[in-house]
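The block underneath contains the structure these notes are about, expressed in structure tokens.
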Amino acid sequence: MNTTSNCIIIGGTGFIGSFAVREMRQRGWNVTSVGFAPVPAEQIADSQVRIIEQDITQLDDLSLLELLRGHTALVFAAGADDRLTPKRPSYPFFHAANVVALERLIKLAGQAEITRAVALGSYFTHFHRQWPHLKLNERHPYIRSRLEQQRAAFAAAAPKVALTFLELPYIFGAAPHRTPLWAPLLDYLRSTKTVYYTQGGTACVSVKAVAQAIVGALETGQGGQAYPIGEINLTWSEMLTRLAKAEGLDIRVVTLPNALIRPALWGLWLFHWLQGKESGLDPRHLLDLQSAYTFFDPLPAQTELGFESGLLELAFAETVAACPKKEKK
């Protein structure tokens with residue numbers, strides 16, 4: 001096998017992974033897509049994409065090593081995200097899915113003579129570095145796992161694998177036959193002309209820009225670096241207004257004071273506790289993060305990795321179009 005530009009994408013059938021596969025194929029890469037069914041139709045139609053339906057956590061080291069051989073690049077687009085609420089305590093779950101899985105994979109990648117790798121992480125690790133006073137690693141099991149994931153993976157990568165992390169914010173866009181994670185928010189926007197929300201805001205990015213950043217990180221990224229990936233910064237009010245506009249809605253966003261919201265989040269924490277569960281983002285401390293302005297300058301990463309900006313408005317429109325409307329009773 002010619003290994004000049006062969007990449008294996010773990011999570012290649014997922015939302016971000018499927019866009020990464022498409023972007024890599026457009027740039028002439030040979031791709032192996034590893035993930036769960038359903039496999040995106042465009043991958044099935046592309047005879048040059050090698051598709052493997054497999055949960056890598058079920059493979060022993062020898063089998064996983066054999067799967068990695070013949071590639072020079074690796075993308076890890078898998079793991080557990082902050083929406084999950086596993087059994088209490090939740091950290092062992094996030095540690096296994098994010099830390100153990102990637103550390104093992106990177107160690108074996110070095111043995112398989114893979115020289116470059118990209119891992120998809122969270123922009124919460126960036127803000128942990130920026131805002132140590134929030135103690136995000138101590139208060140949120142998910143964020144703790146992402147920080148430990150970076151530490152363990154970078155240690156496992158050196159010196160054989162040039163590993164870069166992409167620290168991702170809120171992502172917009174749509175894939176065929178998938179309902180976006182934003183569907184509940186769209187239901188809310190469609191249900192009222194007055195929308196109540198927290199103060200603060202976030203960096204935003206389109207899934208197409210993320211896919212471009214993945215390939216850019218493999219081709220030009222610096223090993224050992226973590227890049228915050230974004231296109232623009234929006235207040236929550238601006239973000240909600242743009243989503244509503246994409247749906248043809250005219251809304252008014254009312255910003256609620258934290259004092260009104262905090263009791264409800266404590267109630268959510270109690271609800272999880274009574275169920276024997278624990279969220280990856282602790283509701284008791286979530287408002288400190290949710291009401292902050294999680295903004296950063298996207299230009300350095302855009303310049304170094306060569307991904308586009310200006311894709312977000314189309315991504316908003318695609319997101320809204322892919323969120324089914326509830327039938328009126």
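Each chain of the structure tokens is named A, B, ... in the order shown, its residues numbered from 1; ligands are numbered from 1 in display order.
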
### Task
Compile the contact shell of Leu312 (chain A) as a PyMOL selection string: residues with an atom at most 7 Å away, counting only C-alpha atoms, same-chain residues fewer than 3 positions apart removed.
chain A and resi 205-206+315-316

### Task
Would you list, as a ChimeraX atom specification, the residues of region 69-152 of chain A that end up in strand (DSSP E) under DSSP run on this structure's backbone?
/A:73-76,116-122

### Query
Using only C-alpha atoms, which of A:Ala117, A:Leu249, A:Met239, A:Leu102 sits nearest Gln222 (chain A)?
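Result for the nearest residue to Gln222 (chain A): A:Ala117.
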
### Message
Env of Arg190 (chain A): 10 Å cut, atoms = only C-alpha atoms, seq-sep filter 3 positions within chain, self excluded. Answer as a VMD selection string.
### Response
chain A and resid 184 to 187 193 195 244 247 to 251 325 to 326

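Atom pair CA of Ala20 (chain A) / CA of His95 (chain A) has a distance of 24.9 Å (rounded to one decimal).
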
### Task
Within 6 Å of region 283-285 of chain A, counting only C-alpha atoms, which residues show up once you throw out same-chain ones fewer than 3 positions away? Write them as a VMD selection string, please.
chain A and resid 265 to 266 269 288

### Query
Could you write out, as a count of residues only, all the residues of region 190-233 of chain A that DSSP marks as helix (DSSP H, G or I)?
16

Taking a cut-off of 9 Å and counting only C-alpha atoms, can you build a table that, for each residue of region 86-128 of chain A near region 146-162 of chain A, reports the nearest atom pair and how far apart they are in Å (one decimal), sorted by chain then residue number, as CSV?
residue,atom,partner,partner_atom,distance
A:Phe94,CA,A:Arg146,CA,8.5
A:His95,CA,A:Gln149,CA,7.9
A:Asn98,CA,A:Gln149,CA,6.1
A:Val99,CA,A:Gln149,CA,4.3
A:Val100,CA,A:Gln149,CA,7.8
A:Leu102,CA,A:Ala153,CA,6.4
A:Glu103,CA,A:Ala153,CA,4.9
A:Arg104,CA,A:Ala156,CA,8.1
A:Leu105,CA,A:Ala153,CA,8.8
A:Ile106,CA,A:Ala157,CA,5.9
A:Lys107,CA,A:Ala156,CA,5.5
A:Ala109,CA,A:Val161,CA,7.5
A:Gly110,CA,A:Lys160,CA,5.6
A:Gln111,CA,A:Lys160,CA,8.6
A:Glu113,CA,A:Lys160,CA,7.8
A:Ile114,CA,A:Val161,CA,6.6
A:Thr115,CA,A:Val161,CA,4.5
A:Arg116,CA,A:Ala162,CA,4.7
A:Ala117,CA,A:Ala162,CA,6.1
A:Val118,CA,A:Ala162,CA,8.5
A:Ala119,CA,A:Gln150,CA,8.9
A:Gly121,CA,A:Arg146,CA,6.7
A:Ser122,CA,A:Arg146,CA,6.9
A:Phe124,CA,A:Arg146,CA,8.1
A:Thr125,CA,A:Leu147,CA,5.9
A:His128,CA,A:Leu147,CA,8.5

Using N, CA and C atoms, can you export the residues from the last selection as a PDB file, in the first residue's frame?
ATOM      1  N   PHE A  94     -15.986   9.272  31.620  1.00  0.00           N
ATOM      2  CA  PHE A  94     -15.339  10.204  30.704  1.00  0.00           C
ATOM      3  C   PHE A  94     -13.844   9.897  30.570  1.00  0.00           C
ATOM      4  N   HIS A  95     -13.233   9.450  31.642  1.00  0.00           N
ATOM      5  CA  HIS A  95     -11.807   9.102  31.596  1.00  0.00           C
ATOM      6  C   HIS A  95     -11.579   7.939  30.621  1.00  0.00           C
ATOM      7  N   ASN A  98     -12.414   9.210  26.862  1.00  0.00           N
ATOM      8  CA  ASN A  98     -11.601  10.282  26.296  1.00  0.00           C
ATOM      9  C   ASN A  98     -10.108  10.110  26.541  1.00  0.00           C
ATOM     10  N   VAL A  99      -9.744   9.719  27.747  1.00  0.00           N
ATOM     11  CA  VAL A  99      -8.321   9.651  28.095  1.00  0.00           C
ATOM     12  C   VAL A  99      -7.729   8.307  27.690  1.00  0.00           C
ATOM     13  N   VAL A 100      -8.289   7.236  28.238  1.00  0.00           N
ATOM     14  CA  VAL A 100      -7.728   5.898  28.010  1.00  0.00           C
ATOM     15  C   VAL A 100      -7.763   5.545  26.528  1.00  0.00           C
ATOM     16  N   LEU A 102      -7.806   7.410  23.776  1.00  0.00           N
ATOM     17  CA  LEU A 102      -6.867   8.131  22.909  1.00  0.00           C
ATOM     18  C   LEU A 102      -5.420   7.822  23.272  1.00  0.00           C
ATOM     19  N   GLU A 103      -5.111   7.728  24.552  1.00  0.00           N
ATOM     20  CA  GLU A 103      -3.735   7.420  24.948  1.00  0.00           C
ATOM     21  C   GLU A 103      -3.296   6.080  24.365  1.00  0.00           C
ATOM     22  N   ARG A 104      -4.152   5.090  24.455  1.00  0.00           N
ATOM     23  CA  ARG A 104      -3.853   3.764  23.894  1.00  0.00           C
ATOM     24  C   ARG A 104      -3.668   3.852  22.383  1.00  0.00           C
ATOM     25  N   LEU A 105      -4.551   4.585  21.735  1.00  0.00           N
ATOM     26  CA  LEU A 105      -4.506   4.703  20.278  1.00  0.00           C
ATOM     27  C   LEU A 105      -3.210   5.372  19.822  1.00  0.00           C
ATOM     28  N   ILE A 106      -2.798   6.428  20.501  1.00  0.00           N
ATOM     29  CA  ILE A 106      -1.586   7.147  20.108  1.00  0.00           C
ATOM     30  C   ILE A 106      -0.348   6.281  20.322  1.00  0.00           C
ATOM     31  N   LYS A 107      -0.305   5.527  21.415  1.00  0.00           N
ATOM     32  CA  LYS A 107       0.828   4.634  21.652  1.00  0.00           C
ATOM     33  C   LYS A 107       0.955   3.608  20.528  1.00  0.00           C
ATOM     34  N   ALA A 109      -0.321   3.933  17.536  1.00  0.00           N
ATOM     35  CA  ALA A 109      -0.043   4.644  16.285  1.00  0.00           C
ATOM     36  C   ALA A 109       1.457   4.798  16.081  1.00  0.00           C
ATOM     37  N   GLY A 110       2.178   5.085  17.147  1.00  0.00           N
ATOM     38  CA  GLY A 110       3.633   5.183  17.041  1.00  0.00           C
ATOM     39  C   GLY A 110       4.256   3.875  16.614  1.00  0.00           C
ATOM     40  N   GLN A 111       3.746   2.764  17.141  1.00  0.00           N
ATOM     41  CA  GLN A 111       4.260   1.452  16.755  1.00  0.00           C
ATOM     42  C   GLN A 111       3.922   1.133  15.303  1.00  0.00           C
ATOM     43  N   GLU A 113       3.954   3.188  12.920  1.00  0.00           N
ATOM     44  CA  GLU A 113       4.706   4.136  12.085  1.00  0.00           C
ATOM     45  C   GLU A 113       3.822   5.241  11.517  1.00  0.00           C
ATOM     46  N   ILE A 114       2.748   5.568  12.238  1.00  0.00           N
ATOM     47  CA  ILE A 114       1.975   6.770  11.927  1.00  0.00           C
ATOM     48  C   ILE A 114       2.750   7.961  12.465  1.00  0.00           C
ATOM     49  N   THR A 115       2.912   8.975  11.651  1.00  0.00           N
ATOM     50  CA  THR A 115       3.771  10.102  12.033  1.00  0.00           C
ATOM     51  C   THR A 115       3.006  11.367  12.398  1.00  0.00           C
ATOM     52  N   ARG A 116       1.732  11.477  11.986  1.00  0.00           N
ATOM     53  CA  ARG A 116       0.965  12.687  12.291  1.00  0.00           C
ATOM     54  C   ARG A 116      -0.425  12.297  12.777  1.00  0.00           C
ATOM     55  N   ALA A 117      -0.939  13.058  13.732  1.00  0.00           N
ATOM     56  CA  ALA A 117      -2.262  12.757  14.269  1.00  0.00           C
ATOM     57  C   ALA A 117      -2.946  14.045  14.702  1.00  0.00           C
ATOM     58  N   VAL A 118      -4.271  14.028  14.620  1.00  0.00           N
ATOM     59  CA  VAL A 118      -5.109  15.136  15.078  1.00  0.00           C
ATOM     60  C   VAL A 118      -6.181  14.558  15.988  1.00  0.00           C
ATOM     61  N   ALA A 119      -6.375  15.183  17.132  1.00  0.00           N
ATOM     62  CA  ALA A 119      -7.433  14.784  18.059  1.00  0.00           C
ATOM     63  C   ALA A 119      -8.394  15.944  18.236  1.00  0.00           C
ATOM     64  N   GLY A 121     -10.861  17.943  20.449  1.00  0.00           N
ATOM     65  CA  GLY A 121     -11.161  18.178  21.853  1.00  0.00           C
ATOM     66  C   GLY A 121     -12.172  19.293  22.019  1.00  0.00           C
ATOM     67  N   SER A 122     -12.126  19.939  23.181  1.00  0.00           N
ATOM     68  CA  SER A 122     -13.100  20.968  23.531  1.00  0.00           C
ATOM     69  C   SER A 122     -12.413  22.289  23.821  1.00  0.00           C
ATOM     70  N   PHE A 124     -13.189  24.140  26.067  1.00  0.00           N
ATOM     71  CA  PHE A 124     -13.135  24.322  27.514  1.00  0.00           C
ATOM     72  C   PHE A 124     -11.710  24.179  28.045  1.00  0.00           C
ATOM     73  N   THR A 125     -10.873  23.397  27.381  1.00  0.00           N
ATOM     74  CA  THR A 125      -9.478  23.289  27.825  1.00  0.00           C
ATOM     75  C   THR A 125      -8.744  24.612  27.609  1.00  0.00           C
ATOM     76  N   HIS A 128      -9.849  26.824  30.438  1.00  0.00           N
ATOM     77  CA  HIS A 128      -9.208  26.442  31.701  1.00  0.00           C
ATOM     78  C   HIS A 128      -7.842  27.119  31.823  1.00  0.00           C
TER      79      HIS A 128
END

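Taking CA of Gly28 (chain A) and CA of Glu308 (chain A) as endpoints, the distance between them is 18.6 Å.
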
### Task
For each of A:Ala41, A:Ile10, A:Arg242, A:Ile143, take the minimum atom-to-atom distance to Gln54 (chain A), counting only C-alpha atoms, then give the residue where this is smallest.
A:Ile10

### Message
Using only C-alpha atoms, can you tell me which of A:His133, A:Ile229, A:Ile214, A:Ser18 comes closest to Ser309 (chain A)?
### Response
A:Ile229

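Here the question is which of A:Val75, A:Leu84, A:Ile9, A:Val320 gets nearest to Ile52 (chain A) using only C-alpha atoms, and that residue is A:Ile9.
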
### Message
Just the number, please: distance in Å from CA of Leu74 (chain A) to CA of Glu167 (chain A), one decimal.
### Response
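Those two atoms sit 16.7 Å apart.
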
### Task
Measuring atom to atom with only C-alpha atoms, identify which of A:Val210, A:Leu274, A:Ala321, A:Ile51 is nearest to Pro228 (chain A).
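Of all the options, A:Val210 lies closest to Pro228 (chain A).
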
#### Entry: A:Gln26, A:Ser145, A:Thr303, A:Ser191 ranked by distance to Leu281 (chain A), top pick (using only C-alpha atoms)
A:Ser145

### Query
Can you list, as a ChimeraX atom specification, every protein, DNA or RNA residue that comes within 12 Å of Pro89 (chain A) when you count only C-alpha atoms, leaving out same-chain residues fewer than 4 positions away?
/A:85,93-95,140-142,272-273,275-280,282

Keeping only C-alpha atoms, write the selected residues to a file as a compact mmCIF listing (two decimals), in the first residue's frame.
# COMPACT_ATOMS: atom_id res chain seq x y z
CA THR A 85 -25.09 12.11 32.04
CA PHE A 93 -16.82 7.08 32.30
CA PHE A 94 -15.34 10.20 30.70
CA HIS A 95 -11.81 9.10 31.60
CA HIS A 140 -16.63 19.55 35.81
CA PRO A 141 -15.79 15.86 35.20
CA TYR A 142 -16.02 16.27 31.44
CA HIS A 272 -29.54 13.93 38.58
CA TRP A 273 -28.37 13.08 42.11
CA GLN A 275 -31.35 9.33 39.79
CA GLY A 276 -27.82 8.28 40.74
CA LYS A 277 -26.36 10.21 37.80
CA GLU A 278 -23.81 12.98 37.35
CA SER A 279 -23.49 15.38 34.42
CA GLY A 280 -20.17 15.97 32.73
CA ASP A 282 -21.85 20.19 36.93
